[in-house]
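Report on the following structure.
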Amino acid sequence: MADEVILLDYWPSAFGMRTRIALEEKNIKFEHREQDLFNKSQILLEMNPVHKKIPVLIHNGKPVCESLIQVEYIDETWPGGNSLLPSDPYQRAQAKFWGDFIEKKVSGPTWVLWGGKGEEQEAGKKEFIEVLKTLETELGDKAYFGGETFGYVDIALIGFYCWFDAYEKFANFSIEAECPKVIAWAKRCLKRESVAKSLPDPDKITKYVPELKKRLVKNSLCSIRAKLDLKKMTDEVILLDYWPSMFGMGTTKIALAEKGVAYEYKETDPRVKTSLLIETNPIHKKIPVLIHKGKQICEPLIQLEYIDEVWSDTYPILPSDPYQKAQARFWGAFIDKKFYDPSWKVWGTTGEEQVTAKKELLEHFKTLETELGDKTYYGGDVFGFVDIALMGYYSWFKAIEKFGEFSIEAEFPKLTQWTKRCLERDSVVNSLADSDKIVEYAYVLRRKLGAE
């Protein structure tokens with residue numbers, strides 16, 4: 001039976017364009033179902049109950065959400081045709097890093113360019129130009145971000161190009177004057193049939209913006225604004241990390257321990273930007289940074305996948321099935337995007353801000369407990385990607401409970417039982433910081449934040 005592929009999408013969405021291009025690159029026939037984001041359909045709510053957003057790729061009845069996850073899924077499910085990600089693990093990690101950079105940095109300021117005004121718009125314009133200049137530096141003199149081959153990073157960014165005309169018109173500036181190499185790159189991309197077929201006319205976008213503004217105001221959406229194997233020591237693995245970081249201990253340390261990879265740990269206080277941190281993560285200047293044979297890999301979930309791919313002969317972290325892998329990536333991304341901000345605000349703020357953060361965090365915990373259900377781990381009977389992504393927060397649970405004045409165990413008993421099962425693993429218990437030490441550290445940070 002032929003594959004049934006359906007794409008729930010919205011014609012001006014730069015994110016949906018990613019999926020369209022990826023499907024076209026692979027010559028996959030699909031049914032496009034246009035969605036009204038202001039009157040969400042039942043199928044959208046059923047297929048993406050967590051975010052209720054497009055695009056949603058439905059493959060033989062199973063939904064895959066989040067556009068960059070969809071691009072990976074398409075590349076893995078249909079390996080024939082043009083490869084979208086490089087086969088080399090390091091090059092693949094770098095592609096994912098820049099895809100993640102675009103995901104986090106480009107869409108944020110862009111809506112202000114056409115939807116904002118005054119100082120807010122000027123700040124957004126400045127931020128957007130800085131982001132494009134960073135991408136232009138990475139592009140250099142290459143034809144595409146991957147060199148001579150059109151691929152993942154190009155797909156992640158090119159959808160925004162058809163919005164450039166609207167950005168320029170409403171924010172009164174010239175992107176080509178600021179970033180000529182980006183424009184030349186975009187014109188090369190448009191020569192590809194997959195891109196030309198998938199991107200709408202920029203003039204149509206520009207003419208649509210006034211209507212979009214009205215719809216946003218009408219819908220009150222204008223407020224939408226983040227066992228050691230000594231043989232492996234020859235791999236020269238270094239981890240720049242900070243002892244209370246939920247990212248380093250929650251992903252990278254556990255993953256390295258699960259794989260039995262020996263590494264050199266270098267304590268790195270992110271508040272003191274060391275020359276090594278700046279050199280190895282010049283974009284974000286944040287920990288953790290994994291350095292493997294002199295090459296740096298940044299962003300914890302990207303590090304997690306890199307570790308799983310490079311040391312593939314031991315305990316698997318991600319499932320082999322493309323759909324299950326996509327689901328694991330979805331929930332990993334959910335944790336990455338949703339947990340950090342309300343978590344620190346529960347222990348680091350007071351008053352209304354803390355109350356709002358607590359409510360938000362409890363909702364996220366509830367969503368994750370629902371997803372866990374009666375399973376032993378998020379992947380079923382196998383400890384893996386999602387468990388590792390979430391478990392780093394465990395060391396902060398005591399501080400969150402203390403300052404938020406609630407009990408995670410009382411509110412979420414299944415989640416608590418899950419943490420206890422995870423703590424039976426050596427990789428977890430040996431990687432997490434002591435909860436009492438975290439509480440003491442939280443007191444220090446609260447004083448510095450003026451929350452005491």
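In the structure tokens, each chain is lettered A, B, ... as it comes, each chain's residues begin at 1, and ligands are numbered from 1 in order of appearance.
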So that I can see what lies close to stretch 366-383 of chain A, please list as a PDB file with C-alpha atoms, in the first residue's frame the residues with an atom at most 9 Å from it, counting only C-alpha atoms and leaving out residues fewer than 4 positions away in the same chain.
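Contents of around.pdb, as written:
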ATOM      1  CA  VAL A  50       0.094  19.813  22.845  1.00  0.00           C
ATOM      2  CA  ILE A 317      19.392   6.687  23.507  1.00  0.00           C
ATOM      3  CA  LEU A 318      17.039   7.358  20.612  1.00  0.00           C
ATOM      4  CA  PRO A 319      14.745   4.672  19.160  1.00  0.00           C
ATOM      5  CA  GLN A 324       9.237   6.951  17.536  1.00  0.00           C
ATOM      6  CA  ALA A 328      11.090  11.546  21.276  1.00  0.00           C
ATOM      7  CA  TRP A 331       8.975  15.828  23.711  1.00  0.00           C
ATOM      8  CA  ILE A 335      10.998  20.232  27.660  1.00  0.00           C
ATOM      9  CA  LEU A 361       5.100  24.975  35.372  1.00  0.00           C
ATOM     10  CA  LEU A 362       2.318  22.882  36.920  1.00  0.00           C
ATOM     11  CA  ASP A 387      13.976  10.822  30.255  1.00  0.00           C
ATOM     12  CA  ILE A 388      17.469  12.280  29.965  1.00  0.00           C
ATOM     13  CA  GLU A 411       0.492  16.865  42.559  1.00  0.00           C
ATOM     14  CA  PHE A 412       2.156  14.372  40.234  1.00  0.00           C
ATOM     15  CA  PRO A 413       2.635  10.935  41.827  1.00  0.00           C
ATOM     16  CA  LYS A 414       3.343   9.128  38.536  1.00  0.00           C
ATOM     17  CA  LEU A 415       6.043  11.624  37.640  1.00  0.00           C
ATOM     18  CA  GLN A 417       7.642   7.381  40.666  1.00  0.00           C
ATOM     19  CA  TRP A 418       9.308   7.878  37.292  1.00  0.00           C
ATOM     20  CA  ARG A 421      13.080   4.684  38.726  1.00  0.00           C
ATOM     21  CA  CYS A 422      15.507   6.958  36.875  1.00  0.00           C
TER      22      CYS A 422
END
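Minimum atom-to-atom distances from A:Val289, A:Ala14, A:Leu256, A:Leu135 to A:Glu309 were compared using only C-alpha atoms, and the lowest value belongs to A:Leu256.
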| field | strand (DSSP E) positions in stretch 252-350 of chain A, given as a list in words | value | Glu264, Tyr265, Lys266, Glu267, Val289, Leu290, Ile291, His292, Lys295, Gln296, Ile297 and Cys298 of chain A
Mind dumping the selected residues with all heavy atoms as an mmCIF file, in the first residue's frame?
data_model
loop_
_atom_site.group_PDB
_atom_site.id
_atom_site.type_symbol
_atom_site.label_atom_id
_atom_site.label_comp_id
_atom_site.auth_asym_id
_atom_site.auth_seq_id
_atom_site.Cartn_x
_atom_site.Cartn_y
_atom_site.Cartn_z
ATOM 1 N N GLU A 264 36.988 14.566 30.052
ATOM 2 C CA GLU A 264 37.575 15.539 30.976
ATOM 3 C C GLU A 264 36.529 16.600 31.278
ATOM 4 O O GLU A 264 35.975 17.230 30.371
ATOM 5 C CB GLU A 264 38.808 16.189 30.354
ATOM 6 C CG GLU A 264 39.451 17.246 31.253
ATOM 7 C CD GLU A 264 40.618 17.957 30.586
ATOM 8 O OE1 GLU A 264 41.035 17.531 29.482
ATOM 9 O OE2 GLU A 264 41.103 18.945 31.163
ATOM 10 N N TYR A 265 36.270 16.801 32.574
ATOM 11 C CA TYR A 265 35.266 17.789 32.982
ATOM 12 C C TYR A 265 35.967 19.091 33.344
ATOM 13 O O TYR A 265 36.912 19.107 34.135
ATOM 14 C CB TYR A 265 34.478 17.269 34.187
ATOM 15 C CG TYR A 265 33.462 18.248 34.729
ATOM 16 C CD1 TYR A 265 32.192 18.313 34.174
ATOM 17 C CD2 TYR A 265 33.779 19.096 35.780
ATOM 18 C CE1 TYR A 265 31.243 19.213 34.658
ATOM 19 C CE2 TYR A 265 32.845 19.997 36.275
ATOM 20 C CZ TYR A 265 31.586 20.054 35.708
ATOM 21 O OH TYR A 265 30.665 20.945 36.188
ATOM 22 N N LYS A 266 35.486 20.185 32.748
ATOM 23 C CA LYS A 266 36.048 21.505 33.062
ATOM 24 C C LYS A 266 34.932 22.402 33.585
ATOM 25 O O LYS A 266 34.054 22.817 32.829
ATOM 26 C CB LYS A 266 36.700 22.117 31.818
ATOM 27 C CG LYS A 266 37.975 21.395 31.392
ATOM 28 C CD LYS A 266 38.774 22.200 30.382
ATOM 29 C CE LYS A 266 40.102 21.500 30.056
ATOM 30 N NZ LYS A 266 40.955 22.302 29.143
ATOM 31 N N GLU A 267 34.988 22.666 34.893
ATOM 32 C CA GLU A 267 33.983 23.532 35.507
ATOM 33 C C GLU A 267 34.072 24.926 34.886
ATOM 34 O O GLU A 267 35.135 25.548 34.850
ATOM 35 C CB GLU A 267 34.214 23.597 37.019
ATOM 36 C CG GLU A 267 33.212 24.451 37.784
ATOM 37 C CD GLU A 267 31.818 23.830 37.862
ATOM 38 O OE1 GLU A 267 31.647 22.668 37.442
ATOM 39 O OE2 GLU A 267 30.902 24.521 38.343
ATOM 40 N N VAL A 289 29.254 22.837 26.695
ATOM 41 C CA VAL A 289 29.912 22.677 25.405
ATOM 42 C C VAL A 289 30.635 21.336 25.426
ATOM 43 O O VAL A 289 31.426 21.078 26.338
ATOM 44 C CB VAL A 289 30.915 23.801 25.110
ATOM 45 C CG1 VAL A 289 31.593 23.558 23.755
ATOM 46 C CG2 VAL A 289 30.238 25.168 25.119
ATOM 47 N N LEU A 290 30.339 20.493 24.461
ATOM 48 C CA LEU A 290 31.009 19.206 24.316
ATOM 49 C C LEU A 290 32.088 19.364 23.249
ATOM 50 O O LEU A 290 31.802 19.818 22.144
ATOM 51 C CB LEU A 290 30.006 18.134 23.899
ATOM 52 C CG LEU A 290 30.550 16.719 23.698
ATOM 53 C CD1 LEU A 290 30.995 16.124 25.027
ATOM 54 C CD2 LEU A 290 29.495 15.832 23.028
ATOM 55 N N ILE A 291 33.316 19.031 23.610
ATOM 56 C CA ILE A 291 34.423 19.125 22.660
ATOM 57 C C ILE A 291 34.922 17.712 22.385
ATOM 58 O O ILE A 291 35.355 17.000 23.290
ATOM 59 C CB ILE A 291 35.567 19.998 23.219
ATOM 60 C CG1 ILE A 291 35.030 21.370 23.642
ATOM 61 C CG2 ILE A 291 36.673 20.158 22.173
ATOM 62 C CD1 ILE A 291 36.044 22.219 24.387
ATOM 63 N N HIS A 292 34.837 17.308 21.142
ATOM 64 C CA HIS A 292 35.231 15.962 20.744
ATOM 65 C C HIS A 292 36.297 16.058 19.662
ATOM 66 O O HIS A 292 36.038 16.567 18.573
ATOM 67 C CB HIS A 292 34.017 15.187 20.238
ATOM 68 C CG HIS A 292 34.313 13.786 19.832
ATOM 69 N ND1 HIS A 292 33.627 13.127 18.836
ATOM 70 C CD2 HIS A 292 35.249 12.889 20.292
ATOM 71 C CE1 HIS A 292 34.107 11.910 18.704
ATOM 72 N NE2 HIS A 292 35.098 11.743 19.564
ATOM 73 N N LYS A 295 36.716 19.447 18.194
ATOM 74 C CA LYS A 295 35.568 20.081 17.534
ATOM 75 C C LYS A 295 34.419 20.213 18.534
ATOM 76 O O LYS A 295 34.089 19.264 19.232
ATOM 77 C CB LYS A 295 35.141 19.245 16.327
ATOM 78 C CG LYS A 295 36.208 19.166 15.240
ATOM 79 C CD LYS A 295 35.731 18.449 14.003
ATOM 80 C CE LYS A 295 35.507 16.975 14.204
ATOM 81 N NZ LYS A 295 35.190 16.278 12.924
ATOM 82 N N GLN A 296 33.844 21.406 18.585
ATOM 83 C CA GLN A 296 32.826 21.684 19.594
ATOM 84 C C GLN A 296 31.422 21.382 19.089
ATOM 85 O O GLN A 296 31.103 21.605 17.922
ATOM 86 C CB GLN A 296 32.897 23.143 20.054
ATOM 87 C CG GLN A 296 32.536 24.175 18.996
ATOM 88 C CD GLN A 296 33.733 24.633 18.194
ATOM 89 O OE1 GLN A 296 34.716 23.914 18.044
ATOM 90 N NE2 GLN A 296 33.644 25.853 17.671
ATOM 91 N N ILE A 297 30.589 20.879 19.995
ATOM 92 C CA ILE A 297 29.172 20.643 19.731
ATOM 93 C C ILE A 297 28.406 21.368 20.835
ATOM 94 O O ILE A 297 28.635 21.130 22.025
ATOM 95 C CB ILE A 297 28.813 19.139 19.742
ATOM 96 C CG1 ILE A 297 29.595 18.384 18.662
ATOM 97 C CG2 ILE A 297 27.313 18.943 19.507
ATOM 98 C CD1 ILE A 297 30.864 17.753 19.140
ATOM 99 N N CYS A 298 27.507 22.276 20.436
ATOM 100 C CA CYS A 298 26.774 23.090 21.400
ATOM 101 C C CYS A 298 25.295 22.718 21.403
ATOM 102 O O CYS A 298 24.800 22.112 20.456
ATOM 103 C CB CYS A 298 26.940 24.572 21.067
ATOM 104 S SG CYS A 298 28.667 25.111 20.988
#
Quick one: residues within 12 Å of A:Ser67, only C-alpha atoms, excluding same-chain residues fewer than 5 positions away - as a PyMOL selection string?
chain A and resi 7-9+13-23+53-57+72-74+99-100+103+152+155-157+159+326+329-330+333
Residues just named, written with N, CA and C atoms as a short mmCIF file (atom, residue, chain, number, x, y, z; two decimals), in the first residue's frame:
data_model
loop_
_atom_site.label_atom_id
_atom_site.label_comp_id
_atom_site.auth_asym_id
_atom_site.auth_seq_id
_atom_site.Cartn_x
_atom_site.Cartn_y
_atom_site.Cartn_z
N LEU A 7 -0.29 16.97 4.93
CA LEU A 7 0.36 18.10 5.60
C LEU A 7 -0.69 19.13 5.99
N LEU A 8 -0.86 19.34 7.29
CA LEU A 8 -1.72 20.42 7.79
C LEU A 8 -0.84 21.67 7.84
N ASP A 9 -1.24 22.70 7.12
CA ASP A 9 -0.33 23.82 6.91
C ASP A 9 -1.12 25.12 6.75
N SER A 13 3.10 30.39 6.23
CA SER A 13 3.97 29.93 7.33
C SER A 13 5.37 29.55 6.82
N ALA A 14 6.38 30.26 7.33
CA ALA A 14 7.77 29.93 6.99
C ALA A 14 8.15 28.56 7.53
N PHE A 15 7.45 28.11 8.58
CA PHE A 15 7.73 26.80 9.15
C PHE A 15 7.15 25.69 8.28
N GLY A 16 5.92 25.90 7.82
CA GLY A 16 5.32 24.93 6.91
C GLY A 16 6.10 24.80 5.61
N MET A 17 6.70 25.91 5.17
CA MET A 17 7.50 25.89 3.94
C MET A 17 8.66 24.91 4.05
N ARG A 18 9.21 24.79 5.25
CA ARG A 18 10.31 23.84 5.47
C ARG A 18 9.86 22.42 5.09
N THR A 19 8.70 22.05 5.60
CA THR A 19 8.21 20.69 5.37
C THR A 19 7.86 20.48 3.91
N ARG A 20 7.25 21.50 3.30
CA ARG A 20 6.91 21.40 1.89
C ARG A 20 8.17 21.17 1.05
N ILE A 21 9.21 21.95 1.33
CA ILE A 21 10.45 21.84 0.56
C ILE A 21 11.06 20.46 0.74
N ALA A 22 11.09 19.97 1.99
CA ALA A 22 11.67 18.65 2.27
C ALA A 22 10.93 17.56 1.51
N LEU A 23 9.61 17.62 1.50
CA LEU A 23 8.82 16.63 0.77
C LEU A 23 9.09 16.71 -0.73
N LYS A 53 -0.58 23.70 16.83
CA LYS A 53 0.02 24.55 15.80
C LYS A 53 0.32 23.75 14.54
N ILE A 54 0.45 24.49 13.44
CA ILE A 54 0.92 23.89 12.19
C ILE A 54 2.42 24.16 12.09
N PRO A 55 3.14 23.44 11.24
CA PRO A 55 2.66 22.35 10.39
C PRO A 55 2.57 21.04 11.16
N VAL A 56 1.67 20.18 10.71
CA VAL A 56 1.61 18.81 11.22
C VAL A 56 1.72 17.88 10.02
N LEU A 57 2.70 17.00 10.05
CA LEU A 57 2.88 15.99 9.01
C LEU A 57 2.22 14.70 9.49
N GLU A 72 13.81 16.15 9.58
CA GLU A 72 14.64 14.99 9.93
C GLU A 72 13.88 13.69 9.66
N TYR A 73 12.61 13.68 10.04
CA TYR A 73 11.79 12.48 9.85
C TYR A 73 11.69 12.13 8.37
N ILE A 74 11.47 13.13 7.54
CA ILE A 74 11.36 12.91 6.09
C ILE A 74 12.68 12.36 5.55
N GLY A 99 20.33 25.00 12.53
CA GLY A 99 18.88 24.92 12.43
C GLY A 99 18.22 25.38 13.72
N ASP A 100 18.79 24.97 14.84
CA ASP A 100 18.27 25.37 16.15
C ASP A 100 18.46 26.88 16.35
N GLU A 103 15.79 28.55 14.41
CA GLU A 103 14.52 28.31 15.09
C GLU A 103 14.33 29.27 16.26
N TYR A 152 19.67 20.91 5.09
CA TYR A 152 18.90 21.17 6.31
C TYR A 152 18.87 22.64 6.73
N ILE A 155 17.03 24.81 4.25
CA ILE A 155 15.58 24.59 4.37
C ILE A 155 15.03 25.32 5.61
N ALA A 156 15.80 25.31 6.70
CA ALA A 156 15.36 25.96 7.93
C ALA A 156 15.16 27.47 7.75
N LEU A 157 15.99 28.09 6.91
CA LEU A 157 15.99 29.55 6.79
C LEU A 157 15.20 30.09 5.60
N GLY A 159 12.43 29.78 4.07
CA GLY A 159 11.02 30.16 4.13
C GLY A 159 10.81 31.61 4.57
N ALA A 326 10.98 10.63 16.05
CA ALA A 326 10.39 11.96 15.90
C ALA A 326 9.59 12.35 17.14
N ARG A 329 11.99 13.31 19.87
CA ARG A 329 12.52 14.66 19.62
C ARG A 329 11.47 15.72 19.94
N PHE A 330 10.21 15.43 19.65
CA PHE A 330 9.14 16.38 19.95
C PHE A 330 9.09 16.67 21.45
N ALA A 333 12.08 18.59 22.67
CA ALA A 333 11.94 20.01 22.33
C ALA A 333 10.92 20.69 23.24
#
Near-A:Lys29 list (10 Å; only C-alpha atoms; drop same-chain fewer than 3 positions) as an mmCIF file with N, CA, C and O atoms, in the first residue's frame:
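Writing done, so here's around07.cif:
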data_model
loop_
_atom_site.group_PDB
_atom_site.id
_atom_site.type_symbol
_atom_site.label_atom_id
_atom_site.label_comp_id
_atom_site.auth_asym_id
_atom_site.auth_seq_id
_atom_site.Cartn_x
_atom_site.Cartn_y
_atom_site.Cartn_z
ATOM 1 N N ASP A 3 2.254 5.014 0.695
ATOM 2 C CA ASP A 3 2.230 5.876 1.874
ATOM 3 C C ASP A 3 1.157 6.943 1.728
ATOM 4 O O ASP A 3 0.998 7.538 0.657
ATOM 5 N N GLU A 4 0.424 7.182 2.815
ATOM 6 C CA GLU A 4 -0.517 8.301 2.845
ATOM 7 C C GLU A 4 0.153 9.428 3.614
ATOM 8 O O GLU A 4 0.464 9.303 4.803
ATOM 9 N N VAL A 5 0.399 10.530 2.944
ATOM 10 C CA VAL A 5 1.082 11.668 3.550
ATOM 11 C C VAL A 5 0.190 12.892 3.447
ATOM 12 O O VAL A 5 -0.227 13.290 2.357
ATOM 13 N N ILE A 6 -0.118 13.464 4.596
ATOM 14 C CA ILE A 6 -0.975 14.656 4.670
ATOM 15 C C ILE A 6 -0.200 15.744 5.413
ATOM 16 O O ILE A 6 0.477 15.478 6.420
ATOM 17 N N LEU A 23 9.611 17.621 1.502
ATOM 18 C CA LEU A 23 8.822 16.627 0.771
ATOM 19 C C LEU A 23 9.087 16.715 -0.730
ATOM 20 O O LEU A 23 9.199 15.694 -1.413
ATOM 21 N N GLU A 24 9.199 17.939 -1.236
ATOM 22 C CA GLU A 24 9.486 18.120 -2.669
ATOM 23 C C GLU A 24 10.870 17.606 -3.021
ATOM 24 O O GLU A 24 11.074 16.996 -4.079
ATOM 25 N N LYS A 26 12.362 15.182 -1.759
ATOM 26 C CA LYS A 26 12.311 13.719 -1.769
ATOM 27 C C LYS A 26 11.295 13.170 -2.779
ATOM 28 O O LYS A 26 11.112 11.950 -2.869
ATOM 29 N N HIS A 32 -2.109 18.427 0.720
ATOM 30 C CA HIS A 32 -1.973 19.663 1.488
ATOM 31 C C HIS A 32 -3.353 20.099 1.982
ATOM 32 O O HIS A 32 -4.274 20.289 1.183
#
Original post:
Do you know which residues are at most 10 Å from A:Leu276 counting only C-alpha atoms, after dropping those on the same chain fewer than 5 positions away, and could you put them as a PyMOL selection string?
Top reply: chain A and resi 240+268+281-282+285+289
- Show which residues sit within 8 Å of stretch 430-434 of chain A, as a PyMOL selection string. Count only C-alpha atoms, and ignore same-chain residues fewer than 3 positions away. chain A and resi 243-244+249-250+253-254+257+392+395+426-427+437-438
Written selection (N, CA, C and O atoms) as a PDB file, in the first residue's frame:
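So the final result, stored in out.pdb, reads:
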ATOM      1  N   TRP A 243      28.329  23.125  37.595  1.00  0.00           N
ATOM      2  CA  TRP A 243      27.780  22.054  38.426  1.00  0.00           C
ATOM      3  C   TRP A 243      26.258  22.114  38.639  1.00  0.00           C
ATOM      4  O   TRP A 243      25.593  21.081  38.648  1.00  0.00           O
ATOM      5  N   PRO A 244      25.613  23.321  38.778  1.00  0.00           N
ATOM      6  CA  PRO A 244      24.165  23.279  38.994  1.00  0.00           C
ATOM      7  C   PRO A 244      23.337  23.300  37.707  1.00  0.00           C
ATOM      8  O   PRO A 244      22.112  23.319  37.765  1.00  0.00           O
ATOM      9  N   MET A 249      24.038  18.559  33.390  1.00  0.00           N
ATOM     10  CA  MET A 249      23.874  17.324  34.163  1.00  0.00           C
ATOM     11  C   MET A 249      22.653  16.542  33.692  1.00  0.00           C
ATOM     12  O   MET A 249      22.579  15.336  33.849  1.00  0.00           O
ATOM     13  N   GLY A 250      21.679  17.263  33.083  1.00  0.00           N
ATOM     14  CA  GLY A 250      20.453  16.603  32.689  1.00  0.00           C
ATOM     15  C   GLY A 250      20.522  15.925  31.344  1.00  0.00           C
ATOM     16  O   GLY A 250      19.683  15.117  31.017  1.00  0.00           O
ATOM     17  N   LYS A 253      25.942  14.900  30.633  1.00  0.00           N
ATOM     18  CA  LYS A 253      26.614  14.007  31.590  1.00  0.00           C
ATOM     19  C   LYS A 253      25.963  12.625  31.614  1.00  0.00           C
ATOM     20  O   LYS A 253      26.642  11.596  31.598  1.00  0.00           O
ATOM     21  N   ILE A 254      24.633  12.599  31.670  1.00  0.00           N
ATOM     22  CA  ILE A 254      23.928  11.318  31.720  1.00  0.00           C
ATOM     23  C   ILE A 254      24.167  10.525  30.450  1.00  0.00           C
ATOM     24  O   ILE A 254      24.430   9.317  30.489  1.00  0.00           O
ATOM     25  N   ALA A 257      27.603   9.077  30.399  1.00  0.00           N
ATOM     26  CA  ALA A 257      27.674   7.964  31.353  1.00  0.00           C
ATOM     27  C   ALA A 257      26.965   6.724  30.806  1.00  0.00           C
ATOM     28  O   ALA A 257      27.444   5.597  30.972  1.00  0.00           O
ATOM     29  N   GLY A 392      17.420  16.198  34.314  1.00  0.00           N
ATOM     30  CA  GLY A 392      18.313  17.224  34.855  1.00  0.00           C
ATOM     31  C   GLY A 392      17.608  18.213  35.762  1.00  0.00           C
ATOM     32  O   GLY A 392      18.216  18.787  36.670  1.00  0.00           O
ATOM     33  N   SER A 395      17.222  17.726  40.155  1.00  0.00           N
ATOM     34  CA  SER A 395      18.029  18.311  41.229  1.00  0.00           C
ATOM     35  C   SER A 395      17.463  19.644  41.717  1.00  0.00           C
ATOM     36  O   SER A 395      17.739  20.069  42.838  1.00  0.00           O
ATOM     37  N   ASP A 426      22.860   4.212  37.534  1.00  0.00           N
ATOM     38  CA  ASP A 426      24.135   4.826  37.915  1.00  0.00           C
ATOM     39  C   ASP A 426      24.405   6.093  37.110  1.00  0.00           C
ATOM     40  O   ASP A 426      24.941   7.074  37.640  1.00  0.00           O
ATOM     41  N   SER A 427      24.046   6.062  35.834  1.00  0.00           N
ATOM     42  CA  SER A 427      24.316   7.212  34.971  1.00  0.00           C
ATOM     43  C   SER A 427      23.615   8.468  35.483  1.00  0.00           C
ATOM     44  O   SER A 427      24.141   9.571  35.356  1.00  0.00           O
ATOM     45  N   LYS A 437      22.282  21.078  48.145  1.00  0.00           N
ATOM     46  CA  LYS A 437      23.274  22.048  47.680  1.00  0.00           C
ATOM     47  C   LYS A 437      22.636  23.023  46.687  1.00  0.00           C
ATOM     48  O   LYS A 437      22.952  24.225  46.689  1.00  0.00           O
ATOM     49  N   ILE A 438      21.727  22.511  45.863  1.00  0.00           N
ATOM     50  CA  ILE A 438      21.013  23.372  44.918  1.00  0.00           C
ATOM     51  C   ILE A 438      20.148  24.390  45.663  1.00  0.00           C
ATOM     52  O   ILE A 438      20.084  25.568  45.286  1.00  0.00           O
TER      53      ILE A 438
END
In terms of only C-alpha atoms, the residue from A:Glu279, A:Ile238, A:Lys273, A:Lys338 at minimal distance from A:Lys293 is A:Ile238
*asked:* At a cut-off of 12 Å, using only C-alpha atoms, what residues contact A:Val209? Leave out same-chain residues fewer than 3 positions from it and give the result as number ranges by chain.
replied: A: 12, 111-116, 163, 165-167, 169-170, 202-206, 212-216
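Of the residues listed (A:Gly61, A:Gly384, A:Leu132, A:Pro79), A:Gly384 shows the shortest atom-to-atom separation from A:Lys259; distances use only C-alpha atoms.
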- [ ] May I have all residues of stretch 235-359 of chain A that DSSP, computed from the backbone, assigns to helix (DSSP H, G or I), given as a PyMOL selection string?
- [x] chain A and resi 235+246-259+275-280+300-310+322-338+340-348+351-359
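Closest to A:Thr110 among A:Ile69, A:Ile129, A:Ile408, A:Val310 is A:Ile129, based on only C-alpha atoms.
Proximity ranking of A:Ser407, A:Thr416, A:Gln303, A:Thr349 relative to A:Gln94 places A:Gln303 first, based on only C-alpha atoms.
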For A:Arg92, the closest of A:Leu45, A:Glu305, A:Ser245, A:Val237 counting only C-alpha atoms is A:Glu305
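As for atom CA of A:Ala184 and atom CA of A:Glu148, they are spaced 14.3 Å apart.
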